[in-house]
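Peer 1: Following this line is data_3.cif, made up of mmCIF, C-alpha atoms:
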```
data_query
loop_
_atom_site.label_atom_id
_atom_site.label_comp_id
_atom_site.auth_asym_id
_atom_site.auth_seq_id
_atom_site.Cartn_x
_atom_site.Cartn_y
_atom_site.Cartn_z
CA MET A 1230 -17.58 -17.33 25.18
CA ALA A 1231 -14.48 -15.15 25.04
CA ARG A 1232 -11.64 -16.26 27.32
CA ALA A 1233 -10.35 -13.66 29.79
CA GLN A 1234 -6.89 -12.37 28.87
CA ASN A 1235 -4.02 -13.14 31.18
CA LEU A 1236 -1.57 -10.44 32.22
CA TYR A 1237 1.00 -11.36 29.59
CA GLU A 1238 -1.60 -11.11 26.81
CA LYS A 1239 -2.65 -7.71 28.10
CA THR A 1240 0.94 -6.43 27.95
CA VAL A 1241 1.29 -7.85 24.43
CA ASP A 1242 -1.90 -6.04 23.41
CA ILE A 1243 -0.44 -2.74 24.59
CA CYS A 1244 2.92 -3.45 22.92
CA THR A 1245 1.25 -4.36 19.62
CA ASP A 1246 -0.11 -0.82 19.39
CA TYR A 1247 3.50 0.35 19.04
CA LEU A 1248 5.40 -2.53 17.46
CA GLY A 1249 2.68 -4.29 15.46
CA PRO A 1250 3.37 -7.97 14.78
CA ALA A 1251 6.79 -7.54 16.44
CA GLY A 1252 5.01 -6.73 19.73
CA GLU A 1253 4.61 -10.27 21.02
CA ARG A 1254 8.18 -11.28 20.15
CA PHE A 1255 9.46 -8.08 21.79
CA MET A 1256 7.52 -8.64 25.00
CA ARG A 1257 8.52 -12.32 25.15
CA ARG A 1258 12.20 -11.32 24.81
CA GLN A 1259 11.97 -8.60 27.48
CA ILE A 1260 10.31 -10.94 30.00
CA ALA A 1261 12.70 -13.82 29.33
CA THR A 1262 15.87 -11.70 29.25
CA HIS A 1263 15.25 -9.23 32.05
CA LEU A 1264 12.88 -11.08 34.37
CA GLY A 1265 14.13 -14.58 33.61
CA LYS A 1266 10.58 -15.90 33.40
CA ALA A 1267 8.31 -17.64 30.95
CA PRO A 1268 5.84 -15.05 29.59
CA GLU A 1269 2.85 -16.90 31.08
CA GLN A 1270 4.42 -16.55 34.56
CA LEU A 1271 4.34 -12.76 34.40
CA SER A 1272 2.77 -11.39 37.57
CA ARG A 1273 1.50 -7.98 38.64
CA ASP A 1274 4.59 -7.40 40.79
CA ASP A 1275 6.82 -7.77 37.70
CA LEU A 1276 5.17 -4.90 35.89
CA PRO A 1277 7.17 -1.97 37.41
CA GLU A 1278 10.49 -3.65 36.57
CA LEU A 1279 9.24 -4.66 33.14
CA SER A 1280 8.09 -1.09 32.54
CA ASN A 1281 11.60 0.21 33.32
CA TRP A 1282 13.26 -2.23 30.91
CA VAL A 1283 10.72 -1.52 28.20
CA ARG A 1284 11.25 2.21 28.64
CA LEU A 1285 14.99 1.69 28.02
CA ALA A 1286 14.33 -0.52 25.00
CA PHE A 1287 11.90 1.98 23.49
CA ALA A 1288 14.39 4.80 23.93
CA MET A 1289 16.70 2.82 21.62
CA LEU A 1290 13.93 2.30 19.06
CA THR A 1291 12.63 5.84 18.79
CA ASP A 1292 13.65 9.42 19.52
CA ASP A 1293 10.01 10.26 20.17
CA SER A 1294 9.93 10.42 23.97
CA ARG A 1295 6.13 10.80 23.97
CA VAL A 1296 5.80 7.26 22.60
CA THR A 1297 8.09 5.90 25.30
CA GLU A 1298 6.23 7.77 28.04
CA GLU A 1299 2.83 6.73 26.73
CA PHE A 1300 3.80 3.06 26.60
CA SER A 1301 5.30 3.18 30.06
CA SER A 1302 2.23 4.90 31.53
CA ARG A 1303 -0.08 2.33 29.95
CA LEU A 1304 1.90 -0.44 31.66
CA HIS A 1305 1.64 1.50 34.91
CA LYS A 1306 -2.12 1.83 34.42
CA LEU A 1307 -2.31 -1.92 33.87
CA TYR A 1308 -0.40 -2.41 37.13
CA LYS A 1309 -3.00 -0.30 38.97
CA GLU A 1310 -5.90 -2.05 37.27
CA GLN A 1311 -4.51 -5.40 38.39
CA ASP A 1312 -4.56 -4.11 41.97
CA ALA A 1313 -8.28 -3.26 41.94
CA PRO A 1314 -9.68 -6.83 41.92
CA ARG A 1315 -7.30 -7.82 44.73
CA ARG A 1316 -8.49 -4.93 46.89
CA LYS A 1317 -12.10 -5.79 46.12
CA ARG A 1318 -11.51 -9.40 47.22
CA SER A 1319 -9.77 -8.38 50.42
CA GLY A 1320 -12.63 -5.94 51.24
CA ASP A 1321 -10.52 -2.76 51.14
CA MET B 806 18.40 -22.10 1.01
CA LEU B 807 20.58 -19.75 -1.02
CA SER B 808 21.16 -17.65 2.11
CA ILE B 809 22.41 -20.68 4.05
CA MET B 810 24.75 -21.71 1.23
CA ILE B 811 26.24 -18.28 0.64
CA GLY B 812 25.94 -16.54 4.02
CA LYS B 813 26.31 -12.87 4.86
CA ARG B 814 30.08 -12.78 4.27
CA GLY B 815 29.63 -14.60 0.96
CA TYR B 816 27.12 -12.01 -0.23
CA TRP B 817 29.52 -9.19 0.64
CA LEU B 818 32.45 -10.94 -1.09
CA VAL B 819 30.46 -11.45 -4.31
CA PHE B 820 29.20 -7.87 -4.14
CA LEU B 821 32.61 -6.27 -3.51
CA GLY B 822 34.15 -8.52 -6.18
CA CYS B 823 31.65 -7.22 -8.73
CA ILE B 824 32.38 -3.61 -7.70
CA ALA B 825 36.15 -4.19 -8.02
CA ALA B 826 35.66 -5.74 -11.48
CA TYR B 827 33.48 -2.80 -12.54
CA ILE B 828 36.01 -0.19 -11.35
CA VAL B 829 39.01 -1.96 -12.90
CA ILE B 830 37.30 -2.49 -16.26
CA THR B 831 35.81 1.03 -16.42
CA LEU B 832 39.03 2.82 -15.53
CA GLY B 833 41.07 0.48 -17.73
CA THR B 834 38.92 1.05 -20.81
CA SER B 835 39.88 3.97 -23.00
CA ASN B 836 36.95 5.91 -24.43
CA PRO B 837 38.22 7.71 -27.56
CA GLU B 838 34.67 8.78 -28.53
CA LEU B 839 34.14 10.62 -25.24
CA ALA B 840 37.66 12.08 -25.31
CA GLN B 841 37.16 13.40 -28.83
CA ARG B 842 33.64 14.78 -28.26
CA TYR B 843 34.54 16.73 -25.14
CA ASN B 844 38.17 17.36 -26.02
CA LEU B 845 39.50 15.43 -23.02
CA THR B 846 42.77 13.62 -22.43
CA ALA B 847 42.76 9.95 -21.35
CA THR B 848 43.35 11.11 -17.77
CA GLY B 849 40.46 13.59 -18.10
CA VAL B 850 38.14 10.77 -19.18
CA ARG B 851 39.24 8.70 -16.18
CA LEU B 852 38.61 11.64 -13.84
CA VAL B 853 35.12 12.17 -15.30
CA ASN B 854 34.47 8.45 -14.84
CA LEU B 855 35.70 8.69 -11.24
CA THR B 856 33.22 11.49 -10.45
CA ILE B 857 30.49 8.99 -11.35
CA ILE B 858 32.10 5.81 -10.01
CA VAL B 859 32.74 7.17 -6.49
CA PRO B 860 29.17 8.32 -5.63
CA ILE B 861 27.55 5.39 -7.41
CA THR B 862 29.76 2.88 -5.56
CA ALA B 863 28.86 4.55 -2.26
CA ILE B 864 25.15 4.23 -3.10
CA TRP B 865 25.55 0.58 -4.07
CA ILE B 866 27.21 -0.12 -0.71
CA VAL B 867 24.38 1.63 1.19
CA ALA B 868 21.82 -0.21 -0.95
CA PHE B 869 23.51 -3.56 -0.32
CA TYR B 870 23.69 -2.86 3.40
CA GLY B 871 19.92 -2.19 3.34
CA ALA B 872 19.22 -5.38 1.40
CA ILE B 873 21.29 -7.45 3.84
CA GLN B 874 19.54 -5.78 6.81
CA MET B 875 16.20 -6.78 5.26
CA LYS B 876 17.47 -10.32 4.71
CA GLU B 877 18.52 -10.52 8.38
CA TYR B 878 15.18 -9.10 9.49
CA ALA B 879 13.38 -11.75 7.43
CA ALA B 880 15.57 -14.44 9.06
CA ALA B 881 14.77 -13.02 12.53
CA ILE B 882 11.01 -13.32 11.96
CA HIS B 883 11.22 -16.65 10.12
CA GLY B 884 8.15 -18.75 10.84
CA SER B 885 5.85 -15.79 11.46
CA THR B 886 3.12 -14.66 9.03
CA GLU B 887 5.31 -11.84 7.72
CA GLY B 888 8.49 -13.94 7.56
CA LYS B 889 8.00 -15.34 4.07
CA PRO B 890 6.84 -12.06 2.43
CA PHE B 891 9.79 -10.14 3.89
CA ASP B 892 12.19 -12.89 2.77
CA LEU B 893 10.87 -12.56 -0.80
CA ILE B 894 11.23 -8.76 -0.68
CA ALA B 895 14.77 -9.10 0.74
CA THR B 896 15.74 -11.62 -1.96
CA GLY B 897 14.50 -9.21 -4.62
CA LEU B 898 16.50 -6.37 -3.08
CA VAL B 899 19.67 -8.49 -2.90
CA VAL B 900 19.28 -9.49 -6.57
CA SER B 901 18.59 -5.89 -7.56
CA VAL B 902 21.59 -4.48 -5.72
CA LEU B 903 24.00 -7.30 -6.66
CA GLY B 904 22.84 -6.71 -10.23
CA PHE B 905 24.12 -3.12 -10.28
CA PRO B 906 27.87 -3.81 -10.13
CA LEU B 907 27.45 -7.11 -11.98
CA THR B 908 25.65 -5.63 -15.00
CA SER B 909 27.86 -2.53 -14.87
CA ALA B 910 30.98 -4.72 -14.95
CA ILE B 911 29.50 -6.70 -17.86
CA ALA B 912 28.58 -3.45 -19.64
CA ALA B 913 32.10 -2.05 -19.15
CA ALA B 914 33.66 -5.29 -20.46
CA LEU B 915 31.30 -5.33 -23.47
CA LYS B 916 32.10 -1.69 -24.19
CA ASN B 917 35.79 -2.59 -24.16
CA ILE B 918 35.11 -5.32 -26.71
CA ALA B 919 33.01 -2.95 -28.86
CA ILE B 920 35.75 -0.30 -28.88
CA ASN B 921 38.37 -2.83 -30.01
CA THR B 922 36.03 -4.62 -32.47
CA PRO B 923 33.41 -2.10 -33.71
CA SER B 924 31.57 -4.77 -35.74
CA LEU B 925 30.55 -6.38 -32.44
CA ALA B 926 28.99 -3.17 -31.09
CA PRO B 927 25.36 -4.16 -31.94
CA ALA B 928 25.77 -7.59 -30.29
CA THR B 929 27.39 -6.13 -27.17
CA THR B 930 24.61 -3.50 -26.86
CA ILE B 931 21.91 -6.16 -27.17
CA ILE B 932 23.58 -8.41 -24.54
CA GLN B 933 23.96 -5.44 -22.18
CA ASN B 934 20.30 -4.40 -22.59
CA TYR B 935 19.00 -7.89 -21.90
CA ALA B 936 21.37 -8.51 -18.96
CA THR B 937 20.10 -5.34 -17.24
CA LEU B 938 16.49 -6.27 -18.00
CA ALA B 939 16.94 -9.84 -16.70
CA VAL B 940 18.19 -8.58 -13.34
CA ALA B 941 15.28 -6.11 -13.06
CA ILE B 942 12.73 -8.82 -13.92
CA ILE B 943 14.09 -11.31 -11.34
CA ALA B 944 14.44 -8.63 -8.64
CA PHE B 945 10.98 -7.13 -9.04
CA TYR B 946 9.32 -10.52 -9.45
CA TYR B 947 10.45 -11.30 -5.88
CA ILE B 948 9.80 -7.80 -4.50
CA GLY B 949 6.31 -7.66 -6.06
CA LYS B 950 5.40 -11.17 -4.93
CA GLY B 951 6.62 -10.52 -1.37
CA ALA B 952 4.79 -7.20 -1.06
CA GLN B 953 1.55 -8.68 -2.39
CA HIS B 954 1.82 -11.59 0.07
CA LEU B 955 2.43 -9.10 2.87
CA ALA B 956 -0.70 -7.10 2.02
CA LEU B 957 -2.87 -10.18 1.48
CA PRO B 958 -4.24 -10.51 5.07
CA VAL B 959 -5.26 -6.84 5.25
CA LYS B 960 -6.64 -6.88 1.69
CA LYS B 961 -8.94 -9.72 2.69
CA ARG B 962 -10.21 -7.76 5.67
CA SER B 963 -10.82 -4.54 3.79
CA VAL B 964 -12.62 -3.59 0.61
CA THR B 965 -10.77 -0.31 0.23
CA PHE B 966 -7.77 -1.71 -1.66
CA ASP B 967 -8.20 0.73 -4.52
CA ASN B 968 -5.27 1.25 -6.86
CA SER B 969 -7.24 3.06 -9.57
CA ARG B 970 -5.57 6.36 -8.70
CA TRP B 971 -2.20 5.36 -10.07
CA THR B 972 -3.51 2.96 -12.74
CA LEU B 973 -4.27 5.93 -15.00
CA ALA B 974 -0.82 7.42 -14.35
CA PHE B 975 0.72 4.06 -15.25
CA ILE B 976 -1.26 3.82 -18.51
CA ILE B 977 -0.11 7.34 -19.48
CA ILE B 978 3.56 6.59 -18.72
CA SER B 979 3.35 3.27 -20.63
CA SER B 980 1.81 4.92 -23.68
CA ILE B 981 4.36 7.76 -23.76
CA PHE B 982 7.29 5.36 -23.31
CA SER B 983 6.11 3.01 -26.09
CA TRP B 984 5.47 5.97 -28.37
CA LEU B 985 8.96 7.39 -27.72
CA VAL B 986 10.58 4.05 -28.57
CA ILE B 987 8.60 3.64 -31.82
CA SER B 988 8.45 7.26 -33.02
CA HIS B 989 12.19 7.92 -32.58
CA TYR B 990 11.17 11.35 -31.28
CA GLY B 991 14.01 11.30 -28.78
CA GLY B 992 16.52 10.21 -31.43
CA ASN B 993 17.16 7.17 -33.58
CA THR B 994 16.47 4.31 -31.18
CA ARG B 995 17.65 1.75 -33.76
CA SER B 996 21.25 2.76 -33.02
CA LEU B 997 20.37 2.47 -29.33
CA TYR B 998 18.86 -1.01 -29.36
CA HIS B 999 20.17 -2.40 -32.69
CA MET B 1000 16.89 -4.26 -33.15
CA PRO B 1001 13.66 -3.73 -35.11
CA ASP B 1002 10.94 -1.73 -33.34
CA TRP B 1003 8.59 -4.69 -32.86
CA LEU B 1004 11.35 -6.63 -31.11
CA VAL B 1005 12.25 -3.65 -28.90
CA ILE B 1006 8.58 -3.19 -27.90
CA GLY B 1007 7.96 -6.91 -27.41
CA THR B 1008 11.11 -7.91 -25.57
CA LEU B 1009 12.36 -4.71 -23.90
CA ALA B 1010 9.61 -2.08 -23.53
CA ILE B 1011 6.84 -4.43 -22.38
CA PRO B 1012 9.07 -6.30 -19.88
CA TYR B 1013 10.24 -2.95 -18.46
CA LEU B 1014 6.62 -1.84 -18.12
CA TRP B 1015 5.95 -5.08 -16.23
CA VAL B 1016 8.92 -4.37 -13.94
CA TRP B 1017 7.64 -0.86 -13.22
CA TYR B 1018 4.16 -2.21 -12.60
CA GLN B 1019 5.50 -4.82 -10.17
CA GLY B 1020 7.56 -2.17 -8.39
CA ALA B 1021 4.68 0.29 -8.16
CA VAL B 1022 2.35 -2.44 -6.86
CA ALA B 1023 5.01 -3.46 -4.32
CA ALA B 1024 5.41 0.09 -3.02
CA TYR B 1025 1.63 0.47 -2.83
CA CYS B 1026 1.09 -2.91 -1.12
CA ILE B 1027 3.66 -2.13 1.59
CA TYR B 1028 2.12 1.31 2.08
CA TYR B 1029 -1.38 -0.20 2.19
CA TYR B 1030 -0.25 -2.89 4.63
CA GLN B 1031 1.27 -0.38 7.06
CA LYS B 1032 -1.91 1.69 6.92
CA HIS B 1033 -3.99 -1.29 8.07
CA VAL B 1034 -1.65 -2.92 10.56
CA LYS B 1035 -1.16 -2.01 14.22
CA GLY B 1036 2.09 -0.59 15.60
CA MET B 1037 3.16 3.02 15.09
CA LEU B 1038 6.92 2.26 15.16
CA TYR B 1039 6.43 -0.70 12.82
CA GLN B 1040 4.38 1.50 10.49
CA ARG B 1041 7.07 4.20 10.43
CA ALA B 1042 9.70 1.65 9.38
CA LEU B 1043 7.45 0.31 6.62
CA VAL B 1044 6.76 3.80 5.24
CA TYR B 1045 10.51 4.19 4.59
CA CYS B 1046 10.58 0.85 2.72
CA SER B 1047 7.52 1.72 0.65
CA ALA B 1048 8.80 5.19 -0.27
CA GLY B 1049 12.25 3.74 -1.05
CA ILE B 1050 10.88 1.15 -3.48
CA GLY B 1051 8.78 3.89 -5.10
CA ALA B 1052 11.87 6.07 -5.58
CA VAL B 1053 13.88 3.15 -7.01
CA ILE B 1054 11.12 2.49 -9.57
CA GLY B 1055 11.07 6.23 -10.32
CA ALA B 1056 14.81 6.05 -11.01
CA SER B 1057 14.32 3.05 -13.32
CA VAL B 1058 11.63 4.93 -15.28
CA PHE B 1059 13.91 7.98 -15.44
CA ILE B 1060 16.81 5.86 -16.81
CA GLN B 1061 14.70 4.35 -19.59
CA PHE B 1062 13.31 7.74 -20.61
CA VAL B 1063 16.81 9.23 -20.61
CA THR B 1064 18.01 6.25 -22.68
CA VAL B 1065 15.35 6.90 -25.33
CA PHE B 1066 16.58 10.50 -25.55
CA ASN B 1067 20.19 9.30 -25.77
CA GLU B 1068 20.87 10.77 -29.20
CA ARG B 1069 19.59 14.23 -28.25
CA LEU B 1070 21.37 14.14 -24.91
CA SER B 1071 24.67 13.16 -26.51
CA ARG B 1072 24.69 16.58 -28.19
CA LEU B 1073 24.71 18.30 -24.78
CA ASP B 1074 27.80 19.73 -23.12
CA LEU B 1075 29.53 17.67 -20.47
CA THR B 1076 28.14 19.73 -17.53
CA PRO B 1077 24.39 19.24 -18.20
CA LEU B 1078 25.05 15.63 -19.14
CA LEU B 1079 26.80 15.02 -15.82
CA GLY B 1080 23.93 16.92 -14.15
CA ILE B 1081 21.44 14.36 -15.48
CA VAL B 1082 23.66 11.50 -14.28
CA TYR B 1083 23.90 13.09 -10.81
CA ILE B 1084 20.10 13.56 -10.64
CA LEU B 1085 19.73 9.87 -11.39
CA ILE B 1086 22.33 8.96 -8.77
CA LEU B 1087 20.50 11.20 -6.28
CA ILE B 1088 17.14 9.47 -6.89
CA TYR B 1089 18.79 6.08 -6.40
CA ALA B 1090 20.53 7.38 -3.26
CA VAL B 1091 17.21 8.56 -1.81
CA GLY B 1092 15.44 5.30 -2.76
CA TYR B 1093 18.00 2.85 -1.46
CA GLY B 1094 18.79 5.11 1.50
CA LEU B 1095 15.12 4.98 2.56
CA ILE B 1096 14.98 1.20 2.11
CA ALA B 1097 18.15 0.81 4.19
CA LYS B 1098 16.72 3.07 6.92
CA GLY B 1099 13.42 1.17 6.98
CA ALA B 1100 15.15 -2.22 7.03
CA LYS B 1101 17.44 -1.09 9.86
CA LYS B 1102 14.44 0.08 11.90
CA LEU B 1103 12.56 -3.17 11.28
CA LYS B 1104 15.60 -5.21 12.32
CA ALA B 1105 16.01 -3.12 15.48
CA LEU B 1106 12.48 -4.15 16.55
CA GLU B 1107 13.67 -7.75 16.63
CA ASN B 1108 17.08 -7.13 18.19
CA ILE B 1109 16.20 -5.25 21.36
#
```
Translate this structure into structure tokens?

Peer 2:
Amino acid sequence: MARAQNLYEKTVDICTDYLGPAGERFMRRQIATHLGKAPEQLSRDDLPELSNWVRLAFAMLTDDSRVTEEFSSRLHKLYKEQDAPRRKRSGD
Amino acid sequence: MLSIMIGKRGYWLVFLGCIAAYIVITLGTSNPELAQRYNLTATGVRLVNLTIIVPITAIWIVAFYGAIQMKEYAAAIHGSTEGKPFDLIATGLVVSVLGFPLTSAIAAALKNIAINTPSLAPATTIIQNYATLAVAIIAFYYIGKGAQHLALPVKKRSVTFDNSRWTLAFIIISSIFSWLVISHYGGNTRSLYHMPDWLVIGTLAIPYLWVWYQGAVAAYCIYYYQKHVKGMLYQRALVYCSAGIGAVIGASVFIQFVTVFNERLSRLDLTPLLGIVYILILIYAVGYGLIAKGAKKLKALENI
């Protein structure tokens, strides 16, 4: 049976669509450097800050602002998705 | 291992040393044949040489920068699946680019010897031809091997690795090149190689064809790999590397074809002759410029 992905793996999946095999190393560096955490400790509440740092990093990697925006919005979508199960549990 | 022993600064020192040797020997060697043919003074010959030395040195520096960037990228991803293939490609690039000033310095020194002792001209030509070939073989052995290793995981997954499109083009180029060497259509190639035809075909033409094949396969493998791997920014960087290697191989093919036509070309005026040299320099500039750009982009992915 397939194991459910944790939040860090989900962010890596998104990042891989842009940076390929460099995606996991990139995400690991961003989380460790800017959030001061181990990747596996990444929580939903870290996503907005992570998204801001990643947006800055992407701006240095490409002049294509659409790519930066798309990546950032996908992280934001992930943030919202992570909220849904919590709301369901709390009966909202 | 070699990288650890020499280091980045060491590579640059060796490279700049070779360039300095090449410039000193080239500008210090009188070329009475050229001066007489084009009615130039010794200073005029030096100035003509400078118009070639300056752009070519600039290209070598850009090319070396690209090769070192690739080497650093390979070091940054050491231990990953792509680490080893990129290290092999980077090693090939370093050998290739270090080989330019090195073989050019050797060629200039040998030419000096040949001018002072004309009886040694055949020997110096033969040494120069094989020195250039040896560098190309070593460089493209590594580049080809690295690129094929890189494409291996995606080749296994897909059955669409079809290189038949350019196989025919390669057969045509090979046949024309071999025919030009043997037929002496472009001029008397015996005075060019100072060896019998069978030896030229067996030990120069065939090895060059192998080098071109390795280079073409490398460019195709990198292109194929980027087509089948995730990551749009990663793919963009790889496209530059693939196109750059393709252009460098194109320049190598161009050089060998121009060499075969040496006798006919030597009858040209100085302006068209310099035009051909500048076209060649331009192709190299585009090729190594693209590789440097791709390597820089790849390295940036690991630095931010």

Peer 1: When the PyMOL selection byres ((chain A) within 6 of (chain B)) is applied to the file above, which residues end up in the set, as number ranges by chain?

Peer 2: A: 1245-1249

Peer 1: Please list as a list in words every residue within 12 Å of A:Ser1272, counting all atoms listed in the file and excluding residues in the same chain fewer than 2 positions away.

Peer 2: Asn1235, Leu1236, Tyr1237, Glu1238, Lys1239, Thr1240, Ile1260, Leu1264, Lys1266, Ala1267, Pro1268, Glu1269, Gln1270, Asp1274, Asp1275, Leu1276, Pro1277, Glu1278, Leu1279, Leu1307, Tyr1308, Gln1311 and Asp1312 of chain A

Peer 1: The PyMOL selection byres ((chain B and resi 975-978) around 12) on the file shown: which residues, as number ranges by chain?

Peer 2: B: 968-974, 979-985, 1010, 1013-1022, 1054-1055, 1058-1059, 1061-1062

Peer 1: Counting only C-alpha atoms, which residue out of A:Val1296, A:Gly1265, A:Gln1259, A:Gly1252 sits closest to A:Trp1282?

Peer 2: A:Gln1259

Peer 1: Rank nothing, just name the residue among A:Ala1261, A:Ser1294, A:Arg1303, A:Arg1254 nearest to B:Gly884, using only C-alpha atoms.

Peer 2: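 Distance minimum relative to B:Gly884 lands on A:Arg1254.
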